[in-house]
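Structure file entry_0.cif (mmCIF, C-alpha atoms) follows.
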```
data_coords
#
loop_
_atom_site.label_atom_id
_atom_site.label_comp_id
_atom_site.auth_asym_id
_atom_site.auth_seq_id
_atom_site.Cartn_x
_atom_site.Cartn_y
_atom_site.Cartn_z
CA MET E 194 -86.60 -27.54 -61.71
CA LYS E 195 -88.04 -26.99 -65.12
CA LEU E 196 -86.42 -24.44 -67.34
CA LYS E 197 -88.25 -21.54 -68.85
CA LYS E 198 -89.34 -22.16 -72.40
CA LYS E 199 -86.79 -19.77 -73.85
CA ASP E 200 -83.94 -21.38 -71.92
CA ARG E 201 -85.14 -24.86 -72.79
CA GLN E 202 -85.29 -24.01 -76.47
CA GLU E 203 -81.81 -22.57 -76.40
CA GLN E 204 -80.40 -25.63 -74.70
CA LEU E 205 -82.38 -27.91 -76.96
CA THR E 206 -80.97 -26.25 -80.08
CA GLN E 207 -77.47 -26.63 -78.76
CA MET E 208 -78.01 -30.24 -77.73
CA ILE E 209 -79.31 -31.22 -81.14
CA GLU E 210 -76.37 -29.52 -82.79
CA GLU E 211 -73.95 -31.47 -80.64
CA THR E 212 -75.74 -34.82 -80.80
CA PRO E 213 -77.89 -34.75 -83.92
CA PHE E 214 -79.06 -38.36 -83.48
CA ILE E 215 -80.80 -37.65 -80.14
CA THR E 216 -84.49 -38.57 -80.14
CA ASP E 217 -87.49 -36.53 -79.04
CA GLU E 218 -88.02 -39.06 -76.27
CA GLU E 219 -84.54 -38.56 -74.90
CA LEU E 220 -84.88 -34.81 -75.12
CA ALA E 221 -88.18 -35.00 -73.26
CA ASN E 222 -86.51 -37.01 -70.51
CA LYS E 223 -83.59 -34.64 -70.26
CA PHE E 224 -85.80 -31.57 -69.91
CA GLY E 225 -88.52 -33.25 -67.87
CA VAL E 226 -91.23 -32.31 -70.35
CA SER E 227 -93.55 -34.30 -72.62
CA ILE E 228 -92.54 -35.52 -76.07
CA GLN E 229 -95.30 -33.30 -77.44
CA THR E 230 -93.59 -30.26 -75.93
CA ILE E 231 -90.34 -31.19 -77.62
CA ARG E 232 -92.16 -31.55 -80.93
CA LEU E 233 -93.68 -28.12 -80.54
CA ASP E 234 -90.27 -26.70 -79.63
CA ARG E 235 -88.81 -28.21 -82.77
CA LEU E 236 -91.63 -26.84 -84.88
CA GLU E 237 -91.14 -23.34 -83.47
CA LEU E 238 -87.39 -23.60 -83.96
CA SER E 239 -87.73 -25.21 -87.41
CA ILE E 240 -85.61 -28.19 -86.37
CA PRO E 241 -86.53 -31.22 -88.47
CA GLU E 242 -87.34 -34.62 -86.94
CA LEU E 243 -84.61 -37.16 -86.23
CA ARG E 244 -84.88 -39.09 -89.48
CA GLU E 245 -84.51 -35.90 -91.51
CA ARG E 246 -81.65 -34.73 -89.31
CA ILE E 247 -79.78 -37.98 -89.88
CA LYS E 248 -80.25 -37.56 -93.61
CA ASN E 249 -79.14 -33.92 -93.46
CA VAL E 250 -76.01 -34.71 -91.52
CA ALA E 251 -75.42 -37.56 -93.88
CA ASN E 252 -76.10 -35.80 -97.15
CA LYS E 253 -73.21 -33.45 -96.62
CA ASN E 254 -70.87 -36.37 -97.14
CA TRP E 255 -73.08 -38.54 -99.28
CA ASN E 256 -71.23 -37.99 -102.49
CA GLU E 257 -70.01 -41.48 -103.17
CA THR E 258 -71.47 -44.60 -104.67
CA VAL E 259 -71.56 -48.06 -103.18
CA ARG E 260 -69.18 -50.20 -105.24
CA ALA E 261 -69.14 -53.70 -103.77
CA LEU E 262 -72.85 -54.38 -104.23
CA PRO E 263 -75.95 -52.73 -105.74
CA ILE E 264 -77.35 -50.20 -103.27
CA ASP E 265 -80.71 -52.02 -103.08
CA GLU E 266 -78.92 -55.09 -101.73
CA VAL E 267 -77.89 -53.19 -98.63
CA ILE E 268 -80.17 -54.12 -95.71
CA GLY E 269 -81.46 -50.85 -94.26
CA GLU E 270 -81.40 -47.41 -95.79
CA VAL E 271 -77.91 -46.02 -96.38
CA VAL E 272 -77.86 -42.37 -95.29
CA ASN E 273 -74.15 -41.72 -95.35
CA LEU E 274 -71.21 -43.16 -97.20
CA GLU E 275 -67.56 -42.33 -97.47
CA LEU E 276 -65.90 -45.25 -99.18
CA ASP E 277 -63.14 -46.97 -97.22
CA ASN E 278 -63.96 -44.81 -94.24
CA LEU E 279 -67.48 -44.63 -92.88
CA ALA E 280 -71.09 -45.59 -93.64
CA ILE E 281 -74.37 -45.14 -91.80
CA SER E 282 -77.70 -46.88 -92.34
CA ILE E 283 -81.12 -46.90 -90.72
CA LEU E 284 -83.30 -49.95 -90.19
CA ASP E 285 -86.80 -49.64 -88.77
CA ILE E 286 -87.83 -52.78 -86.92
CA HIS E 287 -91.15 -54.06 -88.26
CA GLU E 288 -93.22 -57.18 -87.65
CA GLU E 289 -91.19 -59.24 -90.10
CA HIS E 290 -87.99 -58.60 -88.13
CA VAL E 291 -89.12 -59.82 -84.71
CA PHE E 292 -89.76 -63.10 -82.93
CA SER E 293 -93.53 -63.51 -82.84
CA ARG E 294 -93.38 -64.56 -79.23
CA ASN E 295 -91.69 -61.60 -77.60
CA GLN E 296 -91.48 -58.91 -80.32
CA ILE E 297 -87.70 -58.82 -79.99
CA ALA E 298 -85.76 -58.23 -83.21
CA ARG E 299 -84.11 -61.38 -84.49
CA GLY E 300 -80.34 -61.27 -84.38
CA HIS E 301 -79.83 -62.02 -88.03
CA HIS E 302 -81.58 -58.82 -89.10
CA LEU E 303 -79.24 -56.68 -86.99
CA PHE E 304 -76.40 -58.77 -88.32
CA ALA E 305 -77.62 -58.31 -91.91
CA GLN E 306 -77.79 -54.54 -91.51
CA ALA E 307 -74.28 -54.41 -90.06
CA ASN E 308 -72.74 -56.92 -92.43
CA SER E 309 -74.16 -55.39 -95.58
CA LEU E 310 -72.99 -51.97 -94.42
CA ALA E 311 -69.52 -53.43 -93.90
CA VAL E 312 -69.64 -54.64 -97.51
CA ALA E 313 -71.01 -51.32 -98.77
CA VAL E 314 -68.26 -49.20 -97.21
CA ILE E 315 -65.55 -51.05 -99.12
CA ASN E 316 -64.21 -49.26 -102.17
CA ASP E 317 -63.83 -52.35 -104.29
CA GLU E 318 -65.79 -54.45 -106.75
CA LEU E 319 -65.60 -57.48 -104.51
CA ALA E 320 -65.96 -57.75 -100.75
CA LEU E 321 -66.64 -60.93 -98.83
CA THR E 322 -66.85 -61.47 -95.11
CA ALA E 323 -64.14 -63.74 -93.74
CA ASN E 324 -64.75 -63.54 -89.98
CA ALA E 325 -66.73 -61.56 -87.50
CA GLU E 326 -66.99 -61.12 -83.76
CA ILE E 327 -70.34 -59.75 -82.73
CA SER E 328 -72.25 -58.80 -79.61
CA PHE E 329 -75.92 -58.12 -79.10
CA THR E 330 -75.76 -55.71 -76.21
CA ARG E 331 -79.46 -55.18 -75.57
CA PRO E 332 -82.64 -56.54 -77.16
CA VAL E 333 -84.22 -54.36 -79.85
CA LYS E 334 -88.00 -54.14 -79.84
CA LEU E 335 -90.64 -53.84 -82.52
CA GLY E 336 -90.97 -50.24 -83.68
CA GLU E 337 -87.47 -49.16 -82.74
CA ARG E 338 -85.12 -47.53 -85.22
CA VAL E 339 -81.62 -48.93 -85.49
CA VAL E 340 -78.86 -46.63 -86.72
CA ALA E 341 -75.75 -48.59 -87.74
CA LYS E 342 -72.37 -46.94 -88.18
CA ALA E 343 -69.58 -48.78 -89.97
CA SER E 344 -66.01 -47.51 -89.67
CA VAL E 345 -62.97 -48.86 -91.42
CA VAL E 346 -60.40 -49.34 -88.67
CA GLY E 347 -57.57 -51.12 -90.42
CA ASN E 348 -56.18 -53.19 -93.25
CA ASP E 349 -53.85 -56.08 -93.52
CA GLN E 350 -52.77 -57.50 -96.87
CA LYS E 351 -56.02 -58.72 -98.27
CA ARG E 352 -58.42 -57.94 -95.47
CA THR E 353 -60.12 -54.79 -94.32
CA ILE E 354 -61.25 -54.57 -90.72
CA ILE E 355 -64.52 -52.77 -90.11
CA GLU E 356 -66.18 -51.94 -86.83
CA VAL E 357 -69.94 -51.59 -86.83
CA LYS E 358 -71.87 -50.13 -83.93
CA SER E 359 -75.64 -50.02 -84.00
CA PHE E 360 -77.71 -47.75 -81.82
CA VAL E 361 -81.30 -47.27 -80.78
CA ASN E 362 -81.50 -43.68 -79.70
CA ASN E 363 -78.03 -43.22 -78.29
CA GLU E 364 -77.91 -46.67 -76.72
CA ILE E 365 -75.70 -49.30 -78.27
CA VAL E 366 -77.57 -52.49 -79.23
CA PHE E 367 -75.11 -54.29 -81.49
CA GLU E 368 -71.35 -54.27 -81.95
CA GLY E 369 -69.39 -56.15 -84.53
CA LYS E 370 -65.90 -56.41 -85.93
CA PHE E 371 -65.89 -57.67 -89.50
CA TYR E 372 -62.82 -58.96 -91.33
CA MET E 373 -63.52 -58.54 -95.03
CA TYR E 374 -61.72 -59.96 -98.01
CA ARG E 375 -61.47 -57.52 -100.88
CA ASN E 376 -60.37 -57.88 -104.43
CA THR E 377 -57.29 -55.73 -104.39
CA ASP E 378 -54.44 -55.48 -101.91
CA LYS E 379 -54.16 -52.49 -99.63
CA MET Q 57 -58.47 -97.87 -112.55
CA LYS Q 58 -62.23 -98.14 -112.59
CA LEU Q 59 -63.84 -100.75 -110.39
CA LYS Q 60 -66.23 -103.35 -111.68
CA LYS Q 61 -69.85 -102.41 -111.18
CA LYS Q 62 -70.38 -104.99 -108.44
CA ASP Q 63 -67.33 -103.79 -106.49
CA ARG Q 64 -68.27 -100.16 -106.98
CA GLN Q 65 -71.77 -100.76 -105.69
CA GLU Q 66 -70.45 -102.58 -102.64
CA GLN Q 67 -68.05 -99.79 -101.81
CA LEU Q 68 -70.69 -97.17 -102.54
CA THR Q 69 -73.13 -98.81 -100.12
CA GLN Q 70 -70.48 -98.88 -97.42
CA MET Q 71 -69.41 -95.31 -98.07
CA ILE Q 72 -72.96 -94.00 -97.79
CA GLU Q 73 -73.45 -95.92 -94.58
CA GLU Q 74 -70.36 -94.34 -93.09
CA THR Q 75 -70.90 -90.81 -94.41
CA PRO Q 76 -74.63 -90.49 -95.11
CA PHE Q 77 -74.32 -86.79 -96.08
CA ILE Q 78 -72.03 -87.50 -99.05
CA THR Q 79 -73.41 -86.19 -102.35
CA ASP Q 80 -73.79 -87.98 -105.68
CA GLU Q 81 -71.25 -85.58 -107.12
CA GLU Q 82 -68.66 -86.49 -104.52
CA LEU Q 83 -69.35 -90.20 -105.03
CA ALA Q 84 -68.95 -89.74 -108.79
CA ASN Q 85 -65.58 -88.07 -108.24
CA LYS Q 86 -64.41 -90.76 -105.86
CA PHE Q 87 -65.27 -93.59 -108.24
CA GLY Q 88 -64.31 -91.74 -111.42
CA VAL Q 89 -67.77 -92.26 -112.96
CA SER Q 90 -70.56 -89.90 -113.98
CA ILE Q 91 -73.20 -88.60 -111.58
CA GLN Q 92 -75.76 -90.42 -113.71
CA THR Q 93 -73.98 -93.73 -113.01
CA ILE Q 94 -74.14 -93.04 -109.28
CA ARG Q 95 -77.86 -92.29 -109.55
CA LEU Q 96 -78.44 -95.57 -111.36
CA ASP Q 97 -76.38 -97.40 -108.72
CA ARG Q 98 -78.51 -95.86 -106.00
CA LEU Q 99 -81.69 -96.81 -107.82
CA GLU Q 100 -80.56 -100.42 -108.22
CA LEU Q 101 -79.49 -100.54 -104.58
CA SER Q 102 -82.61 -98.74 -103.37
CA ILE Q 103 -80.55 -96.05 -101.64
CA PRO Q 104 -82.53 -92.80 -101.40
CA GLU Q 105 -81.12 -89.43 -102.49
CA LEU Q 106 -79.16 -87.25 -100.10
CA ARG Q 107 -82.04 -85.13 -98.87
CA GLU Q 108 -84.04 -88.21 -97.96
CA ARG Q 109 -81.01 -89.82 -96.32
CA ILE Q 110 -80.46 -86.77 -94.15
CA LYS Q 111 -84.10 -86.91 -93.10
CA ASN Q 112 -83.89 -90.65 -92.40
CA VAL Q 113 -80.79 -90.30 -90.26
CA ALA Q 114 -82.43 -87.40 -88.57
CA ASN Q 115 -85.88 -88.87 -88.01
CA LYS Q 116 -84.48 -91.53 -85.72
CA ASN Q 117 -83.80 -88.81 -83.16
CA TRP Q 118 -86.43 -86.33 -84.22
CA ASN Q 119 -88.71 -86.84 -81.28
CA GLU Q 120 -88.51 -83.45 -79.66
CA THR Q 121 -90.13 -80.11 -80.20
CA VAL Q 122 -88.49 -76.77 -80.63
CA ARG Q 123 -89.25 -74.73 -77.53
CA ALA Q 124 -87.54 -71.37 -77.84
CA LEU Q 125 -89.35 -70.28 -81.02
CA PRO Q 126 -92.07 -71.52 -83.36
CA ILE Q 127 -90.59 -74.06 -85.78
CA ASP Q 128 -91.53 -71.96 -88.82
CA GLU Q 129 -89.32 -69.15 -87.50
CA VAL Q 130 -86.25 -71.34 -87.90
CA ILE Q 131 -84.38 -70.40 -91.09
CA GLY Q 132 -83.87 -73.58 -93.06
CA GLU Q 133 -85.58 -76.92 -92.63
CA VAL Q 134 -84.90 -78.59 -89.29
CA VAL Q 135 -84.24 -82.30 -89.88
CA ASN Q 136 -82.91 -83.31 -86.51
CA LEU Q 137 -83.35 -82.05 -82.99
CA GLU Q 138 -82.25 -83.21 -79.59
CA LEU Q 139 -82.90 -80.36 -77.20
CA ASP Q 140 -79.88 -79.03 -75.34
CA ASN Q 141 -77.67 -81.29 -77.40
CA LEU Q 142 -77.80 -81.23 -81.18
CA ALA Q 143 -79.78 -79.88 -84.12
CA ILE Q 144 -79.41 -80.12 -87.89
CA SER Q 145 -81.02 -78.04 -90.61
CA ILE Q 146 -80.85 -77.78 -94.40
CA LEU Q 147 -80.92 -74.56 -96.41
CA ASP Q 148 -80.99 -74.64 -100.20
CA ILE Q 149 -79.39 -71.52 -101.67
CA HIS Q 150 -81.78 -69.86 -104.11
CA GLU Q 151 -81.72 -66.60 -106.06
CA GLU Q 152 -82.99 -64.60 -103.08
CA HIS Q 153 -79.99 -65.67 -100.97
CA VAL Q 154 -77.17 -64.56 -103.27
CA PHE Q 155 -75.49 -61.36 -104.35
CA SER Q 156 -76.83 -60.59 -107.83
CA ARG Q 157 -73.34 -59.78 -109.03
CA ASN Q 158 -71.47 -62.99 -108.31
CA GLN Q 159 -74.13 -65.50 -107.22
CA ILE Q 160 -72.39 -66.00 -103.88
CA ALA Q 161 -74.65 -66.57 -100.88
CA ARG Q 162 -74.89 -63.52 -98.65
CA GLY Q 163 -73.35 -64.00 -95.25
CA HIS Q 164 -76.43 -63.07 -93.29
CA HIS Q 165 -78.39 -66.01 -94.68
CA LEU Q 166 -75.77 -68.49 -93.51
CA PHE Q 167 -75.70 -66.60 -90.24
CA ALA Q 168 -79.50 -66.71 -89.98
CA GLN Q 169 -79.56 -70.47 -90.53
CA ALA Q 170 -76.87 -71.03 -87.89
CA ASN Q 171 -78.21 -68.53 -85.39
CA SER Q 172 -81.80 -69.72 -85.54
CA LEU Q 173 -80.62 -73.30 -85.16
CA ALA Q 174 -78.66 -72.23 -82.07
CA VAL Q 175 -81.89 -70.78 -80.70
CA ALA Q 176 -83.90 -73.85 -81.66
CA VAL Q 177 -81.62 -76.32 -79.89
CA ILE Q 178 -82.15 -74.63 -76.53
CA ASN Q 179 -84.59 -76.33 -74.21
CA ASP Q 180 -86.09 -73.17 -72.82
CA GLU Q 181 -88.90 -70.73 -73.53
CA LEU Q 182 -86.49 -67.87 -74.04
CA ALA Q 183 -83.15 -67.83 -75.82
CA LEU Q 184 -81.34 -64.73 -77.02
CA THR Q 185 -77.96 -64.42 -78.64
CA ALA Q 186 -75.43 -62.51 -76.56
CA ASN Q 187 -72.22 -62.91 -78.59
CA ALA Q 188 -70.92 -64.83 -81.53
CA GLU Q 189 -67.63 -65.48 -83.27
CA ILE Q 190 -68.12 -66.59 -86.82
CA SER Q 191 -66.08 -67.54 -89.87
CA PHE Q 192 -67.11 -67.90 -93.47
CA THR Q 193 -64.63 -70.52 -94.63
CA ARG Q 194 -65.51 -70.71 -98.29
CA PRO Q 195 -68.07 -68.94 -100.50
CA VAL Q 196 -71.36 -70.78 -101.03
CA LYS Q 197 -72.83 -70.63 -104.52
CA LEU Q 198 -76.33 -70.49 -105.90
CA GLY Q 199 -77.88 -73.97 -106.00
CA GLU Q 200 -75.77 -75.43 -103.21
CA ARG Q 201 -77.30 -77.12 -100.18
CA VAL Q 202 -76.06 -76.06 -96.77
CA VAL Q 203 -76.35 -78.53 -93.89
CA ALA Q 204 -75.89 -76.82 -90.53
CA LYS Q 205 -75.15 -78.77 -87.35
CA ALA Q 206 -75.53 -77.10 -83.99
CA SER Q 207 -74.00 -78.73 -80.91
CA VAL Q 208 -74.31 -77.56 -77.34
CA VAL Q 209 -70.74 -77.51 -76.04
CA GLY Q 210 -71.09 -75.90 -72.64
CA ASN Q 211 -72.94 -73.80 -70.12
CA ASP Q 212 -72.00 -71.12 -67.70
CA GLN Q 213 -74.50 -69.57 -65.28
CA LYS Q 214 -76.92 -67.96 -67.65
CA ARG Q 215 -75.37 -68.71 -70.99
CA THR Q 216 -75.29 -71.75 -73.19
CA ILE Q 217 -72.43 -72.09 -75.69
CA ILE Q 218 -73.32 -73.61 -79.02
CA GLU Q 219 -71.04 -74.49 -81.90
CA VAL Q 220 -72.53 -74.46 -85.35
CA LYS Q 221 -70.75 -75.91 -88.37
CA SER Q 222 -72.29 -75.65 -91.81
CA PHE Q 223 -71.31 -77.84 -94.70
CA VAL Q 224 -71.79 -78.03 -98.44
CA ASN Q 225 -71.23 -81.66 -99.30
CA ASN Q 226 -68.62 -82.54 -96.71
CA GLU Q 227 -66.82 -79.22 -96.97
CA ILE Q 228 -67.12 -76.72 -94.17
CA VAL Q 229 -68.41 -73.32 -95.30
CA PHE Q 230 -69.35 -71.63 -92.03
CA GLU Q 231 -68.32 -71.99 -88.42
CA GLY Q 232 -69.76 -70.15 -85.47
CA LYS Q 233 -69.65 -70.13 -81.71
CA PHE Q 234 -72.80 -68.64 -80.21
CA TYR Q 235 -73.18 -67.54 -76.59
CA MET Q 236 -76.88 -67.66 -75.80
CA TYR Q 237 -78.80 -66.22 -72.89
CA ARG Q 238 -81.56 -68.46 -71.68
CA ASN Q 239 -84.37 -68.00 -69.25
CA THR Q 240 -83.33 -70.42 -66.58
CA ASP Q 241 -79.98 -71.06 -64.94
CA LYS Q 242 -78.08 -74.22 -65.80
#
```
Since I need it in another form, could you write the structure as structure tokens?
Amino acid sequence: MKLKKKDRQEQLTQMIEETPFITDEELANKFGVSIQTIRLDRLELSIPELRERIKNVANKNWNETVRALPIDEVIGEVVNLELDNLAISILDIHEEHVFSRNQIARGHHLFAQANSLAVAVINDELALTANAEISFTRPVKLGERVVAKASVVGNDQKRTIIEVKSFVNNEIVFEGKFYMYRNTDK
Amino acid sequence: MKLKKKDRQEQLTQMIEETPFITDEELANKFGVSIQTIRLDRLELSIPELRERIKNVANKNWNETVRALPIDEVIGEVVNLELDNLAISILDIHEEHVFSRNQIARGHHLFAQANSLAVAVINDELALTANAEISFTRPVKLGERVVAKASVVGNDQKRTIIEVKSFVNNEIVFEGKFYMYRNTDK
């Protein structure tokens, strides 16, 4: 049963507050309405689109500077960074990222996004990848937007362990554990 | 003690036959002579330079066609291919592959070479990476030449397991185990 507009808009506002990375498409599915309806709801409620929401969420914490590499060498757009803790980036999958034959994103681009984010999150002048264990959990298609989240999960003497999870909408598409050498001991 | 020229050239010929991927620099170190001397030896003995030698070794077996992707989508130059068995590619590390700060090759380029070779070796229309475990065993510098060798080491129902080892000279710089989905069961 469809909700009344007022109820839908109330629930929609709450849902976006709780899960700010939810897409219009997912919202449309949840409420059984068209994407266009969701867009109109957002307009009426003055809720910005996903990309802006990610940036807004991110900007609150985005008060640090990448140290281990110049920011323009990060693959994807960094939208959040807390050094030695957490980083988030967005990569839109364009023609140059996909296999020509099936329009599926090539693994090394997802890897590059994740790996460069793992470098960026490190609060050190030098960070090099030693090892990684990675999984591609579902194919990513042309036109999709990949949000990668890197979290520092541990340190041993000279290595920092970073988990990266990448999502399309709220679905996980890539997971990696990166063991990074850094310049200074922890 | 330095060898006489005749002895050196005999040993050099034998050494190149046994390890065709050895570089002039390594030969110079082994014989305690300059790289220029090795080049002159090769000229006199009509032994081609490394790149040509790799291609020659490779061309003997290079009678198959990449199936899982167009050849120009392989990162690096494929110099040998035996489908479902073995593939070799060369990647020269240029400015665009390195961190600006320290001239070390970025991990995702070594990954891209290895991963696309793992796709290329598969004798199937479709090959997608499911998982990988990778190690970067020593930093690769600007100007170095990376030779990657992909070997099919096993199959389970829907996955093919491929080991890729990448070398600079005869030193291993990258190792990866790739678990690939393919279209057809093995």
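Within 7 Å of chain Q, counting all atoms listed in the file, chain E contributes E:Gly300, E:His301, E:Phe304, E:Ala305, E:Thr322, E:Ala323, E:Asn324, E:Ala325, E:Glu326, E:Ile327, E:Ser328, E:Phe329, E:Thr330.
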From Q:Asn239, Q:Ser145, Q:Thr216, Q:Ser102, residue lying nearest Arg201 of chain Q [only C-alpha atoms]: Q:Ser145
Selection: 8 Å around Val196 of chain Q, all atoms listed in the file, excl. self and same-chain fewer than 3 positions, as a PyMOL selection string: chain Q and resi 160-161+200+224+229
Test item: the PyMOL selection byres ((chain E and resi 210) around 12) resolved as a list of chain:residue names: E:Glu203, E:Gln204, E:Leu205, E:Thr206, E:Gln207, E:Met208, E:Ile209, E:Glu211, E:Thr212, E:Pro213, E:Phe214, E:Ile215, E:Ile240, E:Pro241, E:Leu243, E:Arg246, E:Ile247, E:Asn249, E:Val250
Interatomic distance, atom CA of Thr121 of chain Q to atom CA of Leu137 of chain Q (Å, one decimal):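 According to the coordinates, atom CA of Thr121 of chain Q and atom CA of Leu137 of chain Q are separated by 7.6 Å.
Selection result for the displayed file, with the PyMOL selection byres ((chain Q and resi 211) around 12) as criterion, is Asp140, Asn141, Ile178, Ser207, Val208, Val209, Gly210, Asp212, Gln213, Lys214, Arg215, Thr216, Ile217, Ile218, Glu219, Phe234, Tyr235, Met236, Tyr237, Arg238, Thr240, Asp241 and Lys242 of chain Q.
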Distance of atom CA of Thr216 of chain E from atom CA of Asn362 of chain E, expressed in Å to one decimal place: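 Between these atoms lies a distance of 5.9 Å.
Put simply, atom CA of Ala174 of chain Q is 9.1 Å away from atom CA of Leu142 of chain Q.
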If I wrap all listed atoms of segment 202-216 of chain Q in a box with edges along x, y and z and add 8 Å on each side, what are its centre and edge lengths in Å to one decimal, as JSON?
```
{"center_x": -73.8, "center_y": -73.4, "center_z": -81.0, "size_x": 22.2, "size_y": 26.8, "size_z": 47.5}
```
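For the structure in this document, the set picked by the PyMOL selection byres ((chain E and resi 339) around 7) is Ile283, Leu284, Asp285, Glu337, Arg338, Val340, Ala341, Ser359, Phe360 and Val361 of chain E.
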Around (-82.2, -76.1, -87.4) in the file's own coordinates, what residues are found within 6 Å if you use all atoms listed in the file, given back as a PDB file with C-alpha atoms, in the coordinates of the input?
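Writing done, so here's point39.pdb:
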```
ATOM      1  CA  VAL Q 134     -84.900 -78.590 -89.290  1.00  0.00           C
ATOM      2  CA  ALA Q 143     -79.780 -79.880 -84.120  1.00  0.00           C
ATOM      3  CA  ILE Q 144     -79.410 -80.120 -87.890  1.00  0.00           C
ATOM      4  CA  SER Q 145     -81.020 -78.040 -90.610  1.00  0.00           C
ATOM      5  CA  LEU Q 173     -80.620 -73.300 -85.160  1.00  0.00           C
TER       6      LEU Q 173
END
```
For Gly336 of chain E: contacts at 9 Å, only C-alpha atoms, fewer than 6 positions along chain excluded, given as a list in words: Asp285, Ile286, His287 and Glu288 of chain E
Nearest to Arg244 of chain E by atom-to-atom distance, counting all atoms listed in the file, from E:Val357, E:Val314, E:Ile264, E:Val272: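 Once distances to Arg244 of chain E are computed over all atoms listed in the file, the minimum belongs to E:Val272.
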